[in-house]
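A.B. asks: So here's upload.cif (mmCIF, C-alpha atoms).
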data_data
#
loop_
_atom_site.label_atom_id
_atom_site.label_comp_id
_atom_site.auth_asym_id
_atom_site.auth_seq_id
_atom_site.Cartn_x
_atom_site.Cartn_y
_atom_site.Cartn_z
CA MET A 1 107.15 142.92 111.65
CA LYS A 2 104.50 142.42 108.99
CA SER A 3 107.01 142.58 106.15
CA SER A 4 109.23 140.06 107.99
CA GLY A 5 106.21 137.76 108.37
CA GLY A 6 105.39 138.11 104.67
CA ARG A 7 109.00 137.38 103.76
CA ASP A 8 108.95 134.22 105.92
CA PHE A 9 105.87 132.90 104.14
CA LEU A 10 107.36 133.72 100.75
CA ILE A 11 110.48 131.75 101.63
CA LEU A 12 108.30 128.87 102.82
CA LEU A 13 106.39 128.92 99.54
CA ALA A 14 109.61 129.05 97.52
CA LEU A 15 111.04 126.06 99.37
CA CYS A 16 107.84 124.05 98.78
CA VAL A 17 107.90 124.92 95.06
CA LEU A 18 111.57 123.95 94.93
CA GLY A 19 110.62 120.63 96.53
CA GLY A 20 108.10 120.06 93.74
CA VAL A 21 110.69 120.87 91.09
CA LEU A 22 113.24 118.51 92.67
CA GLY A 23 110.62 115.74 92.80
CA ARG A 24 109.87 116.24 89.12
CA LEU A 25 113.56 116.15 88.29
CA GLN A 26 113.93 112.97 90.31
CA SER A 27 111.01 111.25 88.53
CA ASN A 28 112.35 112.17 85.08
CA SER A 29 115.82 110.83 85.91
CA ARG A 30 114.37 107.65 87.38
CA GLN A 31 112.52 106.91 84.15
CA ASN A 32 115.93 106.86 82.48
CA GLY A 33 117.27 104.44 85.11
CA ILE A 34 119.60 106.94 86.74
CA SER A 35 119.57 109.10 89.85
CA ASP A 36 119.06 112.86 89.58
CA PHE A 37 122.12 114.93 90.42
CA VAL A 38 120.67 116.21 93.72
CA SER A 39 119.93 112.71 95.05
CA ALA A 40 123.28 111.47 93.78
CA ALA A 41 125.07 114.35 95.49
CA VAL A 42 123.26 113.82 98.81
CA ARG A 43 123.94 110.10 98.73
CA SER A 44 127.60 110.60 97.88
CA VAL A 45 127.92 112.90 100.91
CA THR A 46 126.15 110.50 103.29
CA ARG A 47 127.56 107.25 101.83
CA PRO A 48 130.80 107.16 103.88
CA LEU A 49 128.84 107.62 107.09
CA ALA A 50 126.15 105.09 106.11
CA THR A 51 128.80 102.56 105.09
CA GLY A 52 130.59 103.11 108.39
CA PHE A 53 127.37 102.66 110.38
CA THR A 54 126.51 99.52 108.38
CA SER A 55 129.94 98.01 108.97
CA ALA A 56 129.82 98.87 112.66
CA ALA A 57 126.32 97.41 113.08
CA ASN A 58 127.21 94.26 111.14
CA GLY A 59 130.46 93.91 113.06
CA ALA A 60 128.75 94.31 116.42
CA GLY A 61 126.06 91.79 115.43
CA ASP A 62 128.69 89.30 114.24
CA PHE A 63 130.75 89.82 117.39
CA PHE A 64 127.89 88.94 119.72
CA GLU A 65 126.79 86.11 117.43
CA GLY A 66 130.32 84.73 117.69
CA ILE A 67 130.41 85.12 121.46
CA PHE A 68 127.10 83.38 122.12
CA ASN A 69 127.08 80.78 119.30
CA ALA A 70 130.77 79.99 118.75
CA ALA A 71 130.35 76.19 118.85
CA GLU A 72 127.44 76.17 116.42
CA LEU A 73 129.19 78.56 114.04
CA SER A 74 132.31 76.35 113.99
CA ARG A 75 130.16 73.31 113.18
CA LYS A 76 128.33 75.20 110.41
CA SER A 77 131.65 76.37 109.00
CA ARG A 78 132.92 72.78 108.75
CA GLU A 79 129.66 71.68 107.10
CA LEU A 80 129.78 74.53 104.61
CA LYS A 81 133.32 73.61 103.57
CA GLN A 82 132.07 70.11 102.77
CA TYR A 83 129.10 71.51 100.84
CA GLN A 84 131.45 73.79 98.94
CA LEU A 85 133.47 70.81 97.73
CA ILE A 86 130.32 68.98 96.62
CA ALA A 87 128.91 72.11 94.96
CA SER A 88 132.12 72.68 92.98
CA GLN A 89 131.75 69.18 91.49
CA TYR A 90 128.12 69.92 90.57
CA SER A 91 129.13 73.24 89.03
CA GLU A 92 131.43 71.50 86.58
CA THR A 93 128.67 69.07 85.60
CA LEU A 94 126.19 71.94 85.27
CA ALA A 95 128.55 73.92 83.03
CA ARG A 96 129.09 70.87 80.81
CA LEU A 97 125.32 70.24 80.53
CA SER A 98 124.67 73.92 79.75
CA ARG A 99 127.19 73.75 76.92
CA GLU A 100 125.48 70.62 75.58
CA ILE A 101 122.06 72.34 75.73
CA ASP A 102 123.46 75.33 73.86
CA ASN A 103 124.94 73.01 71.22
CA ILE A 104 121.57 71.27 70.77
CA ARG A 105 119.80 74.66 70.57
CA ALA A 106 122.32 75.75 67.94
CA LEU A 107 121.38 72.70 65.85
CA GLN A 108 117.74 73.92 66.01
CA SER A 109 118.87 77.45 65.04
CA LEU A 110 117.91 78.76 68.50
CA PRO A 111 120.11 81.29 70.32
CA PRO A 112 122.12 79.99 73.32
CA ILE A 113 120.58 80.48 76.76
CA GLY A 114 123.95 81.45 78.16
CA GLY A 115 124.86 81.93 81.78
CA ARG A 116 124.60 85.08 83.83
CA SER A 117 127.47 86.39 85.83
CA LYS A 118 126.90 87.23 89.47
CA VAL A 119 127.75 90.50 91.15
CA TYR A 120 127.91 90.36 94.94
CA ALA A 121 126.86 93.46 96.87
CA THR A 122 126.22 94.60 100.41
CA VAL A 123 122.97 96.24 101.49
CA ILE A 124 124.02 99.70 102.65
CA ALA A 125 120.57 101.22 103.17
CA PHE A 126 117.08 99.90 103.76
CA ALA A 127 113.83 101.89 103.60
CA PRO A 128 111.09 99.40 104.52
CA ASN A 129 108.26 101.93 104.18
CA GLU A 130 109.36 102.71 100.64
CA ASN A 131 110.12 99.05 99.78
CA ARG A 132 113.64 99.93 98.70
CA ILE A 133 117.20 99.02 99.47
CA THR A 134 120.47 100.53 98.32
CA ILE A 135 123.27 98.14 97.39
CA SER A 136 127.01 98.70 97.05
CA ALA A 137 127.33 97.93 93.34
CA GLY A 138 126.53 100.06 90.32
CA LYS A 139 127.66 101.00 86.85
CA ALA A 140 131.26 100.25 87.76
CA GLN A 141 130.27 96.61 88.23
CA GLY A 142 128.26 96.55 84.99
CA LEU A 143 124.79 96.77 86.52
CA ARG A 144 121.82 98.28 84.69
CA PRO A 145 118.14 98.91 85.53
CA GLY A 146 115.78 95.94 85.61
CA LEU A 147 118.29 93.27 86.67
CA ALA A 148 117.21 90.70 89.25
CA VAL A 149 118.55 90.97 92.80
CA LEU A 150 118.43 87.83 94.91
CA THR A 151 119.77 85.87 97.84
CA ALA A 152 120.23 82.13 98.18
CA GLU A 153 116.57 81.92 99.28
CA GLY A 154 115.08 83.68 96.27
CA LEU A 155 114.18 86.95 94.57
CA VAL A 156 114.64 90.18 96.51
CA GLY A 157 113.64 92.71 93.85
CA THR A 158 114.81 94.48 90.73
CA ILE A 159 117.22 97.36 90.16
CA GLN A 160 115.53 100.70 89.50
CA THR A 161 118.33 103.25 89.27
CA VAL A 162 122.06 102.77 88.88
CA ASP A 163 124.81 105.14 89.96
CA HIS A 164 128.56 104.66 89.66
CA GLN A 165 129.10 102.66 92.83
CA GLU A 166 125.59 101.94 94.11
CA SER A 167 122.10 101.04 92.94
CA GLN A 168 118.56 101.43 94.20
CA VAL A 169 116.54 98.23 94.32
CA ILE A 170 112.74 98.02 94.45
CA LEU A 171 111.74 95.10 96.64
CA ILE A 172 109.17 92.49 95.58
CA SER A 173 107.01 93.74 98.46
CA ASP A 174 106.30 96.99 96.55
CA PRO A 175 102.55 97.15 95.77
CA ASN A 176 103.24 99.29 92.69
CA ARG A 177 105.64 96.90 90.96
CA LYS A 178 104.44 93.76 89.14
CA ILE A 179 106.70 90.91 88.07
CA GLY A 180 105.89 87.99 85.79
CA ALA A 181 105.57 84.80 87.85
CA ILE A 182 104.71 81.13 87.38
CA VAL A 183 103.57 78.39 89.73
CA ILE A 184 106.55 76.17 89.01
CA SER A 185 105.18 73.24 91.03
CA ARG A 186 102.57 72.65 88.29
CA ASP A 187 103.05 71.27 84.79
CA PRO A 188 102.32 73.27 82.71
CA PRO A 189 102.92 76.13 85.14
CA PRO A 190 100.16 78.77 85.38
CA ILE A 191 101.42 82.27 84.53
CA GLY A 192 100.45 85.52 86.22
CA LEU A 193 101.67 88.77 87.69
CA ILE A 194 102.83 89.10 91.28
CA LYS A 195 103.07 92.25 93.40
CA GLY A 196 103.56 93.13 97.03
CA GLU A 197 100.83 93.47 99.61
CA ASN A 198 103.19 94.12 102.51
CA GLU A 199 106.65 93.05 103.64
CA ALA A 200 105.44 89.55 104.52
CA LEU A 201 102.84 88.91 101.82
CA LEU A 202 102.72 88.95 98.02
CA VAL A 203 99.68 88.60 95.77
CA LEU A 204 99.71 86.62 92.52
CA THR A 205 96.83 87.04 90.08
CA LEU A 206 96.04 83.97 87.98
CA ASP A 207 93.37 82.84 85.57
CA SER A 208 90.31 81.38 87.36
CA THR A 209 91.00 77.90 85.91
CA ALA A 210 94.67 77.84 86.92
CA PRO A 211 95.51 74.79 89.04
CA VAL A 212 97.17 76.01 92.23
CA GLU A 213 97.19 74.81 95.82
CA ASN A 214 98.60 75.86 99.16
CA GLY A 215 102.30 75.12 99.40
CA ASP A 216 103.02 75.41 95.66
CA LEU A 217 106.28 77.13 94.75
CA VAL A 218 106.07 80.40 92.80
CA SER A 219 109.06 81.55 90.75
CA THR A 220 109.95 84.14 88.13
CA SER A 221 108.48 83.51 84.68
CA GLY A 222 111.57 84.45 82.69
CA PHE A 223 109.56 86.38 80.11
CA SER A 224 112.10 89.15 80.32
CA ASP A 225 115.62 89.58 79.04
CA ARG A 226 116.74 90.76 82.47
CA ILE A 227 115.04 88.44 84.97
CA PRO A 228 115.75 84.75 84.29
CA ARG A 229 113.17 82.02 84.77
CA GLY A 230 113.00 79.90 87.90
CA ILE A 231 114.18 82.24 90.66
CA PRO A 232 112.06 81.30 93.70
CA ILE A 233 109.69 84.04 94.86
CA GLY A 234 107.68 82.30 97.56
CA ARG A 235 105.13 79.64 98.46
CA VAL A 236 101.36 79.78 98.10
CA ASN A 237 99.59 80.36 101.38
CA GLN A 238 95.94 80.95 100.38
CA VAL A 239 93.93 80.87 97.16
CA TYR A 240 90.77 82.93 96.70
CA ALA A 241 88.44 82.89 93.68
CA ASP A 242 87.39 86.37 92.57
CA PRO A 243 84.09 85.96 90.63
CA THR A 244 83.90 89.66 89.73
CA THR A 245 87.16 89.64 87.76
CA GLY A 246 87.15 85.95 86.82
CA SER A 247 90.59 85.47 88.33
CA LYS A 248 92.26 83.83 91.29
CA ARG A 249 93.91 85.86 94.01
CA VAL A 250 96.83 83.82 95.33
CA GLU A 251 98.54 84.92 98.52
CA VAL A 252 102.23 84.06 98.57
CA PHE A 253 104.68 84.11 101.47
CA PRO A 254 108.01 85.44 100.13
CA SER A 255 110.99 83.07 100.27
CA VAL A 256 113.30 85.87 101.38
CA GLY A 257 113.06 87.57 104.77
CA LEU A 258 113.20 91.11 103.44
CA GLY A 259 113.81 92.66 106.84
CA ASN A 260 117.13 90.88 107.40
CA LEU A 261 119.03 91.47 104.18
CA ARG A 262 122.78 91.97 104.40
CA GLU A 263 124.37 90.56 101.25
CA VAL A 264 122.70 90.09 97.87
CA VAL A 265 123.60 88.86 94.40
CA VAL A 266 122.74 90.64 91.15
CA LEU A 267 122.39 88.53 88.00
CA LYS A 268 123.71 90.53 85.05
CA MET B 269 120.72 129.31 116.63
CA LYS B 270 122.39 131.90 114.46
CA GLY B 271 125.55 132.44 112.49
CA PRO B 272 128.08 129.99 111.07
CA LYS B 273 128.19 127.96 114.29
CA GLY B 274 124.44 127.28 114.17
CA VAL B 275 124.53 126.41 110.48
CA PHE B 276 127.50 124.11 111.03
CA ILE B 277 125.89 122.26 113.94
CA ALA B 278 122.60 121.87 112.05
CA ALA B 279 124.40 120.59 108.94
CA VAL B 280 126.45 118.07 110.93
CA LEU B 281 123.39 116.82 112.81
CA LEU B 282 121.40 116.38 109.58
CA TRP B 283 124.36 114.60 107.96
CA ILE B 284 124.70 112.15 110.84
CA ALA B 285 120.92 111.66 110.91
CA ALA B 286 120.84 110.91 107.16
CA GLY B 287 123.61 108.34 107.52
CA ALA B 288 121.93 106.74 110.54
CA GLN B 289 118.58 106.74 108.74
CA GLN B 290 120.05 104.72 105.88
CA ALA B 291 122.02 102.23 107.88
CA LEU B 292 120.54 101.96 111.36
CA ALA B 293 116.83 102.90 111.43
CA HIS B 294 115.52 99.55 110.17
CA ARG B 295 117.82 97.63 112.52
CA LEU B 296 116.28 99.42 115.50
CA ASN B 297 112.77 98.49 114.42
CA LEU B 298 110.93 97.05 117.42
CA PHE B 299 107.35 95.87 116.82
CA GLY B 300 107.04 98.22 113.86
CA ALA B 301 108.41 101.21 115.74
CA ALA B 302 111.48 102.43 113.91
CA PRO B 303 113.10 105.78 114.69
CA ASP B 304 113.19 108.53 112.08
CA PHE B 305 116.51 110.22 112.82
CA LEU B 306 115.90 113.09 110.41
CA LEU B 307 112.58 113.99 112.03
CA ILE B 308 114.22 113.81 115.46
CA SER B 309 116.82 116.28 114.21
CA VAL B 310 114.14 118.57 112.78
CA SER B 311 112.14 118.54 116.00
CA CYS B 312 115.16 119.37 118.16
CA LEU B 313 116.85 121.90 115.85
CA CYS B 314 113.61 123.82 115.32
CA LEU B 315 113.42 124.49 119.05
CA PHE B 316 116.43 126.76 118.53
CA ALA B 317 115.48 128.26 115.16
CA ASN B 318 113.26 131.02 113.81
CA ARG B 319 110.54 130.30 111.22
CA VAL B 320 112.80 130.61 108.18
CA GLY B 321 115.47 128.57 109.91
CA GLY B 322 112.89 125.91 110.76
CA ALA B 323 111.68 125.81 107.15
CA LEU B 324 115.27 125.46 105.88
CA ILE B 325 116.04 122.70 108.39
CA GLY B 326 112.87 120.88 107.33
CA PHE B 327 113.69 121.42 103.65
CA PHE B 328 117.15 119.87 103.92
CA ALA B 329 115.85 117.05 106.12
CA GLY B 330 113.19 116.24 103.49
CA LEU B 331 115.75 116.53 100.71
CA SER B 332 118.08 114.13 102.52
CA MET B 333 115.27 111.68 103.29
CA GLY B 334 113.99 111.67 99.71
CA ALA B 335 117.50 111.21 98.37
CA VAL B 336 118.68 108.46 100.69
CA VAL B 337 115.56 106.30 100.51
CA GLY B 338 115.04 107.02 96.80
CA ALA B 339 111.36 107.77 97.26
CA ASN B 340 109.50 110.71 95.74
CA MET B 341 111.27 113.79 97.04
CA THR B 342 108.35 116.18 96.76
CA GLN B 343 106.30 114.56 99.52
CA TYR B 344 109.25 114.52 101.91
CA VAL B 345 110.47 118.05 101.17
CA ILE B 346 107.08 119.73 101.44
CA SER B 347 105.94 117.85 104.54
CA ARG B 348 109.21 118.43 106.41
CA THR B 349 109.49 122.07 105.32
CA LEU B 350 105.97 122.87 106.52
CA VAL B 351 106.49 121.03 109.80
CA GLY B 352 109.85 122.72 110.40
CA PHE B 353 108.30 126.13 109.79
CA LEU B 354 105.34 125.44 112.10
CA ASP B 355 107.52 123.88 114.78
CA ALA B 356 109.83 126.88 114.90
CA TRP B 357 106.79 129.16 114.88
CA SER B 358 105.37 127.33 117.91
CA LYS B 359 107.94 129.15 120.06
CA ALA B 360 105.51 132.07 119.88
CA LEU B 361 103.29 130.10 122.28
CA GLY B 362 105.85 130.95 124.96
CA LEU B 363 106.20 127.47 126.44
CA ASP B 364 109.37 126.77 128.42
CA ALA B 365 111.69 124.45 126.58
CA ASN B 366 112.87 121.51 128.64
CA LEU B 367 113.42 117.78 128.19
CA LEU B 368 109.72 117.02 128.54
CA THR B 369 108.60 119.56 125.95
CA ALA B 370 111.38 118.32 123.64
CA ALA B 371 109.96 114.80 123.90
CA VAL B 372 106.37 115.96 123.30
CA ASN B 373 107.62 118.12 120.44
CA GLY B 374 109.36 115.08 118.91
CA VAL B 375 106.10 113.12 119.02
CA LEU B 376 104.02 115.95 117.53
CA VAL B 377 106.52 116.74 114.77
CA THR B 378 106.62 113.08 113.73
CA VAL B 379 102.84 112.73 113.65
CA ALA B 380 102.36 116.02 111.78
CA ALA B 381 105.07 115.26 109.19
CA GLN B 382 103.80 111.76 108.53
CA LEU B 383 100.18 112.91 108.26
CA LEU B 384 101.19 115.60 105.78
CA GLN B 385 103.17 113.05 103.84
CA MET B 386 100.16 110.74 103.83
CA PHE B 387 98.12 113.58 102.35
CA PHE B 388 100.62 114.10 99.51
CA ALA B 389 101.23 110.39 98.82
CA PRO B 390 98.53 108.12 100.30
CA PRO B 391 100.13 104.79 101.28
CA ALA B 392 98.67 101.41 100.29
CA GLY B 393 97.68 100.44 103.84
CA ILE B 394 96.57 103.55 105.73
CA THR B 395 95.81 101.67 108.97
CA SER B 396 99.25 100.07 109.17
CA PHE B 397 100.84 103.38 108.14
CA LEU B 398 99.08 105.20 110.98
CA GLY B 399 100.04 102.47 113.45
CA ALA B 400 103.68 102.68 112.38
CA THR B 401 103.52 106.48 112.57
CA ILE B 402 102.26 106.48 116.17
CA ALA B 403 104.84 103.88 117.20
CA SER B 404 107.65 105.80 115.50
CA ALA B 405 106.43 109.05 117.09
CA VAL B 406 106.83 107.53 120.55
CA VAL B 407 110.35 106.30 119.75
CA ASN B 408 111.25 109.67 118.25
CA GLY B 409 109.92 111.44 121.33
CA VAL B 410 112.17 109.37 123.58
CA LEU B 411 115.24 109.82 121.35
CA ALA B 412 114.59 113.56 121.07
CA ILE B 413 115.44 113.96 124.77
CA PRO B 414 119.20 113.22 124.54
CA VAL B 415 119.47 115.06 121.21
CA TYR B 416 117.83 118.15 122.70
CA ALA B 417 120.07 117.94 125.78
CA LEU B 418 123.12 117.81 123.52
CA LEU B 419 121.96 120.75 121.40
CA LYS B 420 121.19 122.78 124.51
CA ARG B 421 124.82 122.45 125.52
CA PHE B 422 125.83 123.94 122.15
CA PHE B 423 123.18 126.62 121.79
CA GLY B 424 122.22 127.49 125.35
CA SER B 425 118.58 127.85 126.37
CA ALA B 426 115.61 127.95 124.01
CA SER B 427 111.88 128.38 124.34
CA ALA B 428 109.45 125.84 122.88
#
What is this structure when it is put down as structure tokens?

C.D. replies:
Amino acid sequence: MKSSGGRDFLILLALCVLGGVLGRLQSNSRQNGISDFVSAAVRSVTRPLATGFTSAANGAGDFFEGIFNAAELSRKSRELKQYQLIASQYSETLARLSREIDNIRALQSLPPIGGRSKVYATVIAFAPNENRITISAGKAQGLRPGLAVLTAEGLVGTIQTVDHQESQVILISDPNRKIGAIVISRDPPPIGLIKGENEALLVLTLDSTAPVENGDLVSTSGFSDRIPRGIPIGRVNQVYADPTTGSKRVEVFPSVGLGNLREVVVLK
Amino acid sequence: MKGPKGVFIAAVLLWIAAGAQQALAHRLNLFGAAPDFLLISVSCLCLFANRVGGALIGFFAGLSMGAVVGANMTQYVISRTLVGFLDAWSKALGLDANLLTAAVNGVLVTVAAQLLQMFFAPPAGITSFLGATIASAVVNGVLAIPVYALLKRFFGSASA
């Protein structure tokens, strides 16, 4: 009995040590922007089921939405078709102006800004406590770590690890991840770093003299080759002066409702 | 729970729980109380397992959780392994296993696992984390009842 008890505790200890080793392996792989083979294997085994559950849940939600709001959905659909026609005309104008800007920059010996192609993906997993989502696009679609993930409302987060057909995204609500941000409502726009406080609140740190008021729009700074400038992040809700650090603590409500994500776009 | 049948049932339950955890848990969030399907599986399976079995169930549940949410695996594996071991060991108390004890067990397993996890990786907001843990524990306790009833049909009686 005693030897059996000792064996049980030894197995427990071995499993805990193995957990530590797997965690270390995971961290090392993550630093290289990829998933470790254990995580990748587990996710590949559970992906079909998770995708099935996601499709079923989305389908059920859409079904009841259609049942209870059919008239409104039809009206919205007609409106969207009109908007699509208008947007296509603007897109042509925008493309022409972008080419002209690039030509002017070329005359000044500056590199072209260039456009970014969009990769559409579905959210197949969401871990709110870990401030992460998993999306259905990866290396096969040309994604790489650090790219911006967004919706029509604004920035969702950045890609951390990329597998063949899926990627892990760290949300802007993560308290451990800072992103360059500007208060785009001001000219010149104050620059700072923004990080998450919780799912519904972000905190931007600015210089104490930075002009900023409630309601100002905060966007990405663009001081990165992977996250372009001007993607909306949120609006200023409160501004506090911090005399001890000589900075301003700016509370920002995120533009995107992170709890209701279904489809996202990756700018590559 | 012994032999290939037990291993098979445990593996299938953990697989379904991992899939549901990825795709459904956040959708079922009600006032901050989201179910943790993997912990529900651990709490119910451990009622039918010995200590080593409980530790293995906890280990694979932690491994699955760490892998599917992409968070640090160490905190999940160690907390779930320890809780699985202790939960299976609690059968030595000689309590009769029934739907009520399964529910209470679901609550206790959730609280213990999350507190252990908090010890290994302190969250940014401890108060909100504890609130969410208690709320999730209640949901897990309720959901543990049908899962335990289903497992009892497969495994027969168990003692908690």

A.B. asks: Enumerate, as a list in words, the residues matched when the PyMOL selection byres ((chain B and resi 277) around 12) is run on the file above.

C.D. replies: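 The output of the PyMOL selection byres ((chain B and resi 277) around 12) on this file is Met269, Lys270, Gly271, Pro272, Lys273, Gly274, Val275, Phe276, Ala278, Ala279, Val280, Leu281, Leu282, Trp283, Ile284, Ser309, Cys312, Leu313, Phe316, Ile325, Leu418, Leu419, Lys420, Arg421, Phe422 and Phe423 of chain B.
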
A.B. asks: Could you give me the centre and size, in Å to one decimal, of an axis-aligned box around all listed atoms of range 335-352 of chain B with 6 Å added on every side, as lines of an AutoDock Vina configuration file?

C.D. replies:
center_x = 112.3
center_y = 114.6
center_z = 103.1
size_x = 24.7
size_y = 28.6
size_z = 26.7

A.B. asks: Going by the chain IDs and residue numbers used in this file, which residues fall under the PyMOL selection byres ((chain B and resi 335) around 8)? Write them as a count of residues only.

C.D. replies: 14

A.B. asks: Skip Leu201 in chain A itself and residues of its chain fewer than 5 positions away, then list as a PyMOL selection string all residues within 9 Å of it, counting only C-alpha atoms.

C.D. replies: chain A and resi 173+196+251-254

A.B. asks: Would you mind exporting the chosen residues as a PDB file, keeping the file's coordinate frame, restricted to C-alpha atoms?

C.D. replies:
ATOM      1  CA  SER A 173     107.010  93.740  98.460  1.00  0.00           C
ATOM      2  CA  GLY A 196     103.560  93.130  97.030  1.00  0.00           C
ATOM      3  CA  GLU A 251      98.540  84.920  98.520  1.00  0.00           C
ATOM      4  CA  VAL A 252     102.230  84.060  98.570  1.00  0.00           C
ATOM      5  CA  PHE A 253     104.680  84.110 101.470  1.00  0.00           C
ATOM      6  CA  PRO A 254     108.010  85.440 100.130  1.00  0.00           C
TER       7      PRO A 254
END

A.B. asks: In Å, with one decimal, what is the gap from CA of Ala291 in chain B to CA of Ile124 in chain A?

C.D. replies: 6.1 Å

A.B. asks: For the atom pair CA of Val415 in chain B and CA of Ile346 in chain B, what is the interatomic distance in Å to one decimal place?

C.D. replies: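 Calculated distance between CA of Val415 in chain B and CA of Ile346 in chain B is 23.8 Å.
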
A.B. asks: Counting all atoms listed in the file, which residues of chain A sit at most 9 Å from some atom of chain B, and what is each one's closest atom pair with its distance in Å to one decimal, listed by chain and rising residue number, as CSV?

C.D. replies:
residue,atom,partner,partner_atom,distance
A:Arg7,CA,B:Val320,CA,8.9
A:Asp8,CA,B:Val320,CA,5.7
A:Phe9,CA,B:Val320,CA,8.3
A:Ile11,CA,B:Val320,CA,7.0
A:Leu12,CA,B:Ala323,CA,6.3
A:Leu15,CA,B:Phe327,CA,6.8
A:Cys16,CA,B:Ile346,CA,5.1
A:Val17,CA,B:Ile346,CA,8.3
A:Leu18,CA,B:Thr342,CA,8.6
A:Gly19,CA,B:Thr342,CA,5.0
A:Gly20,CA,B:Thr342,CA,4.9
A:Val21,CA,B:Thr342,CA,7.7
A:Leu22,CA,B:Met341,CA,6.7
A:Gly23,CA,B:Thr342,CA,4.6
A:Arg24,CA,B:Thr342,CA,7.8
A:Gln26,CA,B:Met341,CA,7.3
A:Ser27,CA,B:Asn340,CA,7.4
A:Ser35,CA,B:Gly338,CA,8.6
A:Val38,CA,B:Ala335,CA,7.5
A:Ser39,CA,B:Ala335,CA,4.4
A:Ala40,CA,B:Ala335,CA,7.4
A:Ala41,CA,B:Ala335,CA,8.7
A:Val42,CA,B:Ala335,CA,6.3
A:Arg43,CA,B:Val336,CA,5.8
A:Val45,CA,B:Trp283,CA,8.1
A:Thr46,CA,B:Gly287,CA,5.4
A:Arg47,CA,B:Gly287,CA,7.0
A:Pro48,CA,B:Gly287,CA,8.1
A:Leu49,CA,B:Gly287,CA,5.3
A:Ala50,CA,B:Gly287,CA,4.4
A:Thr51,CA,B:Ala291,CA,7.3
A:Gly52,CA,B:Ala291,CA,8.6
A:Phe53,CA,B:Ala291,CA,5.9
A:Thr54,CA,B:Ala291,CA,5.3
A:Ala57,CA,B:Leu292,CA,7.6
A:Val123,CA,B:Ala291,CA,8.8
A:Ile124,CA,B:Ala291,CA,6.1
A:Ala125,CA,B:Gln290,CA,4.5
A:Phe126,CA,B:Gln290,CA,6.0
A:Ala127,CA,B:Val337,CA,5.7
A:Pro128,CA,B:His294,CA,7.2
A:Asn129,CA,B:Phe397,CA,8.5
A:Glu130,CA,B:Ala339,CA,6.4
A:Arg132,CA,B:Val337,CA,6.9
A:Ile133,CA,B:Val337,CA,7.5
A:Thr134,CA,B:Val337,CA,7.9
A:Gln168,CA,B:Gly338,CA,7.1
A:Pro175,CA,B:Ala392,CA,7.3
A:Glu197,CA,B:Ala392,CA,8.3
A:Asn198,CA,B:Gly393,CA,8.5
A:Gly259,CA,B:His294,CA,7.8
A:Asn260,CA,B:Arg295,CA,8.5

A.B. asks: Store the residues picked out above in a file with C-alpha atoms, as a CSV table (one decimal), in the coordinates of the input.

C.D. replies:
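The result, written out as selection15.csv:
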chain,number,residue,atom,x,y,z
A,7,ARG,CA,109.0,137.4,103.8
A,8,ASP,CA,109.0,134.2,105.9
A,9,PHE,CA,105.9,132.9,104.1
A,11,ILE,CA,110.5,131.8,101.6
A,12,LEU,CA,108.3,128.9,102.8
A,15,LEU,CA,111.0,126.1,99.4
A,16,CYS,CA,107.8,124.0,98.8
A,17,VAL,CA,107.9,124.9,95.1
A,18,LEU,CA,111.6,124.0,94.9
A,19,GLY,CA,110.6,120.6,96.5
A,20,GLY,CA,108.1,120.1,93.7
A,21,VAL,CA,110.7,120.9,91.1
A,22,LEU,CA,113.2,118.5,92.7
A,23,GLY,CA,110.6,115.7,92.8
A,24,ARG,CA,109.9,116.2,89.1
A,26,GLN,CA,113.9,113.0,90.3
A,27,SER,CA,111.0,111.2,88.5
A,35,SER,CA,119.6,109.1,89.8
A,38,VAL,CA,120.7,116.2,93.7
A,39,SER,CA,119.9,112.7,95.0
A,40,ALA,CA,123.3,111.5,93.8
A,41,ALA,CA,125.1,114.4,95.5
A,42,VAL,CA,123.3,113.8,98.8
A,43,ARG,CA,123.9,110.1,98.7
A,45,VAL,CA,127.9,112.9,100.9
A,46,THR,CA,126.2,110.5,103.3
A,47,ARG,CA,127.6,107.2,101.8
A,48,PRO,CA,130.8,107.2,103.9
A,49,LEU,CA,128.8,107.6,107.1
A,50,ALA,CA,126.2,105.1,106.1
A,51,THR,CA,128.8,102.6,105.1
A,52,GLY,CA,130.6,103.1,108.4
A,53,PHE,CA,127.4,102.7,110.4
A,54,THR,CA,126.5,99.5,108.4
A,57,ALA,CA,126.3,97.4,113.1
A,123,VAL,CA,123.0,96.2,101.5
A,124,ILE,CA,124.0,99.7,102.6
A,125,ALA,CA,120.6,101.2,103.2
A,126,PHE,CA,117.1,99.9,103.8
A,127,ALA,CA,113.8,101.9,103.6
A,128,PRO,CA,111.1,99.4,104.5
A,129,ASN,CA,108.3,101.9,104.2
A,130,GLU,CA,109.4,102.7,100.6
A,132,ARG,CA,113.6,99.9,98.7
A,133,ILE,CA,117.2,99.0,99.5
A,134,THR,CA,120.5,100.5,98.3
A,168,GLN,CA,118.6,101.4,94.2
A,175,PRO,CA,102.6,97.2,95.8
A,197,GLU,CA,100.8,93.5,99.6
A,198,ASN,CA,103.2,94.1,102.5
A,259,GLY,CA,113.8,92.7,106.8
A,260,ASN,CA,117.1,90.9,107.4

A.B. asks: Take CA of Asp36 in chain A and CA of Gln160 in chain A and report the distance between them in Å, one decimal.

C.D. replies: 12.7 Å

A.B. asks: Within 8 Å of Val377 in chain B, counting all atoms listed in the file, which residues show up once you throw out same-chain ones fewer than 3 positions away? Write them as a count of residues only, please.

C.D. replies: 8
